[in-house]
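Take a look at the structure below.
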Amino acid sequence: MHKTAIAIVKTLQDAGHKAYFAGGSVRDMLLKKEAKDYDIATSALPDEIEKLFAETYAVGKNFGVIHVVENSHQFEIATFRSDSGTSDGRRPDAVMFTHAEEDAKRRDFTINGLFYDPVADEIHDFVGGRDDLTNKLIRFIGDPHERILEDHLRIIRAVRFKNTLGFGYHPDTYAALKKHAQLADKVSWERVRDELNKIILSRSAPVAFEDMQDTGILPYVLPELEACKGVAQPMQFHQEGDVWTHLMDALSALPEEASLLAHWAVIFHDIGKPETFKIAERIRFDEHSERSAEIAERIMRRLHFSRQDIEHVSWAVRHHFMMEQLLDMPLGRQRHWFLDPRFPTLLLLFYADAAGTTPADLSLYNKVKVAYEECLRHFPERPKPLLTGEDVMQTLGLKAGPEVGKILDGLMEKQLSHEIKSREEALKWLLTLR
């Protein structure tokens, strides 16, 4: 991909245009990190770009953006531009094609406003980005208030970059974030979701959530999470502190390779505690798992996650308090749970919940993990059912409905415990239900 990106720049330059790598790839190169993609900025106009490359897509031609496909990789090539007005807090009302320096000055942060010529091996820095990389600073280019008003998502992006890179805020940037925090409410939920996904997968996610709470952004993005701040827990079980602290500690405990949905399940697993708080013989959160699952569903719908992802996370959250029940189940029923495709997420949640508690007690988790691994030794994947719903209906004279599903589940449990091993044995068992 890197060599192809250089070839694209050379093609543009050979045609008489200025062309550079722009933004994140330059930042990552200077930080000695591998770039995930290469955006290219150029003096070439959109029509000129289209003539130079065989496979192009005019996805944002009005804004000077053309997508080019070379060697099975897609690259965004954008004409140098300056923007005029942003009535919707996202897109410019008008663009004017210009030169590299003006293009750099309309970008968000100094560290993202750098250009690199890979042919001449030259950095072009019109905004002080190299110094801010050296000083590990997140700083808006020019007037921070103007940059935020141009695109309100930059409020959340500032938090992401500061924490994923391990940087600090320039004082003017920090002041602007606090002043305009409420504008986070104006950003489309899909864009908020995409930023939060990047934040929650980083090792610095707990600090990023603290930042959003400190700057006043969190009430406009995840008010249900902020409600966990200061909610006491019973000290005999949770010496780490309030519900917020437990959620952050649990998030930190997740292994780096944990999936995105596992991260969301962990941050949501006790989010219903503020609404279920009560004092009986001690502080209690009765039925908080169910309430947390309902809140998780509501938040994920708001953030426009897919129905499948919502169901996956809410299922894990709803069942995160059942380790003891799993260990007490009959073998077939237990294995039925273990072979659910969502169980790996639930297992990670078990671990993070226990590891994020002080004092940490992983004894139950370890027993569940041993039983789960034993199950996988016998059944690397869920076995094919011995009977179909049609078999059940014909043999027992039933109509399609929940009862047929319950019978098939019961049969699967007996199959998983090796009580029933063949179709013939399954049919004999079915006859005993008449």
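Chain labels follow the order of the structure tokens: the first chain is A, the next B, and so on; residue numbering restarts at 1 in every chain, and ligands are counted from 1 in their shown order.
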Problem - Members of segment 96-281 of chain A assigned strand (DSSP E or B) by DSSP, as JSON, numbers by chain - result: {"A": [96, 97, 109, 114, 115, 116, 117, 122, 123, 124, 125, 137, 138, 140, 168, 169, 278, 279]}
Practice task
May I have the residues within 12 Å of Pro144 of chain A as an MDAnalysis selection string, using only C-alpha atoms and disregarding those fewer than 2 positions away in the same chain?
Solution key: chainID A and resid 105:110 138:142 146:152 154:155 158 169:180
Exercise for the section: Would you mind writing down, as number ranges by chain, each residue of segment 100-326 of chain A that DSSP on the backbone assigns to helix (DSSP H, G or I)? Expected result: A: 100-105, 110-112, 129-135, 144-150, 154-165, 171-179, 181-186, 189-200, 205-215, 218-221, 223-226, 243-253, 260-268, 273-276, 288-302, 307-318, 323-326
Completion exercise
Gln233 of chain A proximity check over A:Lys273, A:Arg157, A:His288, A:Arg423, using only C-alpha atoms: winner is A:Lys273
So which residues touch Asn366 of chain A within 12 Å, counting only C-alpha atoms, skipping near sequence neighbours fewer than 2 positions away, as a compact mmCIF listing (two decimals) with N, CA and C atoms, in the first residue's frame?
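Done, and the output landed in part-v1.txt:
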# COMPACT_ATOMS: atom_id res chain seq x y z
N MET A 323 -22.38 -16.66 36.86
CA MET A 323 -21.31 -17.66 36.88
C MET A 323 -21.65 -18.84 37.77
N GLU A 324 -22.18 -18.57 38.96
CA GLU A 324 -22.53 -19.66 39.87
C GLU A 324 -23.59 -20.55 39.25
N LEU A 327 -22.18 -23.04 36.77
CA LEU A 327 -21.47 -24.16 37.38
C LEU A 327 -22.42 -25.18 37.98
N LEU A 347 -17.83 -14.58 28.54
CA LEU A 347 -16.68 -15.06 29.32
C LEU A 347 -15.70 -13.91 29.59
N LEU A 348 -15.44 -13.08 28.59
CA LEU A 348 -14.58 -11.91 28.79
C LEU A 348 -15.18 -10.95 29.80
N PHE A 350 -17.22 -11.83 32.28
CA PHE A 350 -17.00 -12.46 33.60
C PHE A 350 -15.62 -12.08 34.14
N TYR A 351 -14.61 -12.23 33.27
CA TYR A 351 -13.24 -11.95 33.70
C TYR A 351 -13.06 -10.48 34.10
N ALA A 354 -14.75 -9.48 37.39
CA ALA A 354 -14.05 -9.97 38.58
C ALA A 354 -12.71 -9.26 38.76
N ALA A 355 -11.96 -9.11 37.67
CA ALA A 355 -10.64 -8.48 37.75
C ALA A 355 -10.73 -6.99 38.07
N ASP A 361 -11.46 -11.54 42.91
CA ASP A 361 -11.58 -12.97 43.18
C ASP A 361 -11.92 -13.66 41.86
N LEU A 362 -10.96 -14.34 41.28
CA LEU A 362 -11.14 -14.98 39.97
C LEU A 362 -11.45 -16.47 40.08
N SER A 363 -11.75 -16.94 41.29
CA SER A 363 -11.95 -18.38 41.48
C SER A 363 -13.15 -18.89 40.68
N LEU A 364 -14.28 -18.19 40.73
CA LEU A 364 -15.45 -18.63 39.97
C LEU A 364 -15.18 -18.56 38.48
N VAL A 368 -15.36 -21.61 35.64
CA VAL A 368 -16.17 -21.54 34.42
C VAL A 368 -15.28 -21.71 33.19
N LYS A 369 -14.12 -21.09 33.20
CA LYS A 369 -13.21 -21.17 32.05
C LYS A 369 -12.74 -22.61 31.82
N VAL A 370 -12.44 -23.33 32.92
CA VAL A 370 -12.02 -24.74 32.79
C VAL A 370 -13.15 -25.57 32.19
N ALA A 371 -14.38 -25.38 32.67
CA ALA A 371 -15.52 -26.12 32.14
C ALA A 371 -15.76 -25.78 30.67
N TYR A 372 -15.60 -24.51 30.32
CA TYR A 372 -15.78 -24.07 28.94
C TYR A 372 -14.74 -24.72 28.02
N GLU A 373 -13.50 -24.73 28.45
CA GLU A 373 -12.44 -25.32 27.63
C GLU A 373 -12.63 -26.83 27.48
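Here the question is which of A:Thr56, A:Ser306, A:Ser82, A:Gln394 gets nearest to Val69 of chain A using only C-alpha atoms, and that residue is A:Thr56.
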Handout entry: Selection near segment 124-127 of chain A, 9 Å with only C-alpha atoms, sequence-local residues under 3 positions removed, as a PyMOL selection string
Key = chain A and resi 20+100-102+104-105+109-111+113-117+130+141-142
Please write the residues from the selection above to a file, keeping C-alpha atoms, as a PDB file, in the first residue's frame.
ATOM      1  CA  TYR A  20       1.707  15.156  -0.842  1.00  0.00           C
ATOM      2  CA  ALA A 100      -1.251  23.746   0.294  1.00  0.00           C
ATOM      3  CA  GLU A 101      -0.853  26.322   3.071  1.00  0.00           C
ATOM      4  CA  GLU A 102      -4.522  27.358   2.965  1.00  0.00           C
ATOM      5  CA  ALA A 104      -3.471  22.972   5.993  1.00  0.00           C
ATOM      6  CA  LYS A 105      -5.042  25.879   7.890  1.00  0.00           C
ATOM      7  CA  PHE A 109      -5.414  19.817  14.750  1.00  0.00           C
ATOM      8  CA  THR A 110      -1.846  20.871  14.072  1.00  0.00           C
ATOM      9  CA  ILE A 111      -0.620  17.287  14.212  1.00  0.00           C
ATOM     10  CA  GLY A 113      -2.148  19.457   9.291  1.00  0.00           C
ATOM     11  CA  LEU A 114       1.218  18.152   8.095  1.00  0.00           C
ATOM     12  CA  PHE A 115       2.132  17.291   4.496  1.00  0.00           C
ATOM     13  CA  TYR A 116       4.901  14.965   3.302  1.00  0.00           C
ATOM     14  CA  ASP A 117       6.365  14.703  -0.156  1.00  0.00           C
ATOM     15  CA  ARG A 130       6.026  19.061  14.203  1.00  0.00           C
ATOM     16  CA  ILE A 141      -5.188  25.019  14.149  1.00  0.00           C
ATOM     17  CA  GLY A 142      -5.779  28.763  14.394  1.00  0.00           C
TER      18      GLY A 142
END
Exercise for the section: Identify, on the basis of only C-alpha atoms, every residue whose closest approach to Met212 of chain A does not exceed 9 Å; exclude the query and any residue fewer than 4 positions from it along the same chain; express the result as a VMD selection string. Expected result: chain A and resid 156 159 181 207 to 208 216 to 219 221
Only C-alpha atoms, please: the residues just picked out, written as a tab-separated table (two decimals), in the first residue's frame.
chain	number	residue	atom	x	y	z
A	156	ILE	CA	-14.85	14.26	20.58
A	159	VAL	CA	-10.47	13.63	23.31
A	181	ALA	CA	-19.08	20.83	25.09
A	207	VAL	CA	-8.88	8.22	30.92
A	208	ALA	CA	-10.76	9.34	27.79
A	216	GLY	CA	-18.65	18.40	30.18
A	217	ILE	CA	-18.92	16.40	26.96
A	218	LEU	CA	-20.15	13.13	28.51
A	219	PRO	CA	-23.69	14.32	29.46
A	221	VAL	CA	-22.87	11.66	24.58
Would you list the contacts of His320 of chain A as a PDB file with N, CA and C atoms, in the first residue's frame, taking every protein, DNA or RNA residue within 9 Å and counting only C-alpha atoms, but skipping same-chain residues closer than 6 positions in sequence?
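Result file follows (result_35.pdb):
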ATOM      1  N   HIS A 269     -22.110  -3.172  31.681  1.00  0.00           N
ATOM      2  CA  HIS A 269     -22.635  -4.286  32.477  1.00  0.00           C
ATOM      3  C   HIS A 269     -23.263  -3.858  33.803  1.00  0.00           C
ATOM      4  N   SER A 289     -28.743  -6.380  36.498  1.00  0.00           N
ATOM      5  CA  SER A 289     -28.299  -6.940  35.222  1.00  0.00           C
ATOM      6  C   SER A 289     -29.337  -6.715  34.135  1.00  0.00           C
ATOM      7  N   LEU A 346     -19.381 -13.097  26.756  1.00  0.00           N
ATOM      8  CA  LEU A 346     -19.815 -13.218  28.147  1.00  0.00           C
ATOM      9  C   LEU A 346     -18.655 -13.672  29.033  1.00  0.00           C
ATOM     10  N   LEU A 347     -17.827 -14.578  28.537  1.00  0.00           N
ATOM     11  CA  LEU A 347     -16.685 -15.056  29.319  1.00  0.00           C
ATOM     12  C   LEU A 347     -15.698 -13.913  29.592  1.00  0.00           C
ATOM     13  N   LEU A 349     -16.502 -10.817  29.759  1.00  0.00           N
ATOM     14  CA  LEU A 349     -17.180  -9.946  30.722  1.00  0.00           C
ATOM     15  C   LEU A 349     -17.064 -10.514  32.134  1.00  0.00           C
ATOM     16  N   PHE A 350     -17.215 -11.829  32.282  1.00  0.00           N
ATOM     17  CA  PHE A 350     -16.999 -12.458  33.597  1.00  0.00           C
ATOM     18  C   PHE A 350     -15.622 -12.078  34.139  1.00  0.00           C
ATOM     19  N   ASP A 353     -15.225  -8.211  34.937  1.00  0.00           N
ATOM     20  CA  ASP A 353     -16.016  -7.855  36.112  1.00  0.00           C
ATOM     21  C   ASP A 353     -15.292  -8.268  37.390  1.00  0.00           C
TER      22      ASP A 353
END
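You will find atom CA of Pro274 of chain A at 6.0 Å from atom CA of Cys228 of chain A.
Put simply, atom CA of Asp409 of chain A is 15.8 Å away from atom CA of Thr432 of chain A.
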Go through segment 296-375 of chain A residue by residue and, counting only C-alpha atoms, keep those with an atom at most 6 Å from segment 240-260 of chain A; for each kept residue give the shortest atom pair and its distance in Å to one decimal, ordered by chain and increasing number, as JSON lines.
{"residue": "A:Ala352", "atom": "CA", "partner": "A:Ala250", "partner_atom": "CA", "distance": 4.7}
{"residue": "A:Asp353", "atom": "CA", "partner": "A:Ala250", "partner_atom": "CA", "distance": 5.4}
{"residue": "A:Gly356", "atom": "CA", "partner": "A:Ala250", "partner_atom": "CA", "distance": 3.9}
{"residue": "A:Thr358", "atom": "CA", "partner": "A:Glu240", "partner_atom": "CA", "distance": 5.1}
Problem - Using only C-alpha atoms: which of A:Trp429, A:Phe237, A:Phe209, A:Phe21 has the shortest distance to Lys414 of chain A - result: A:Trp429
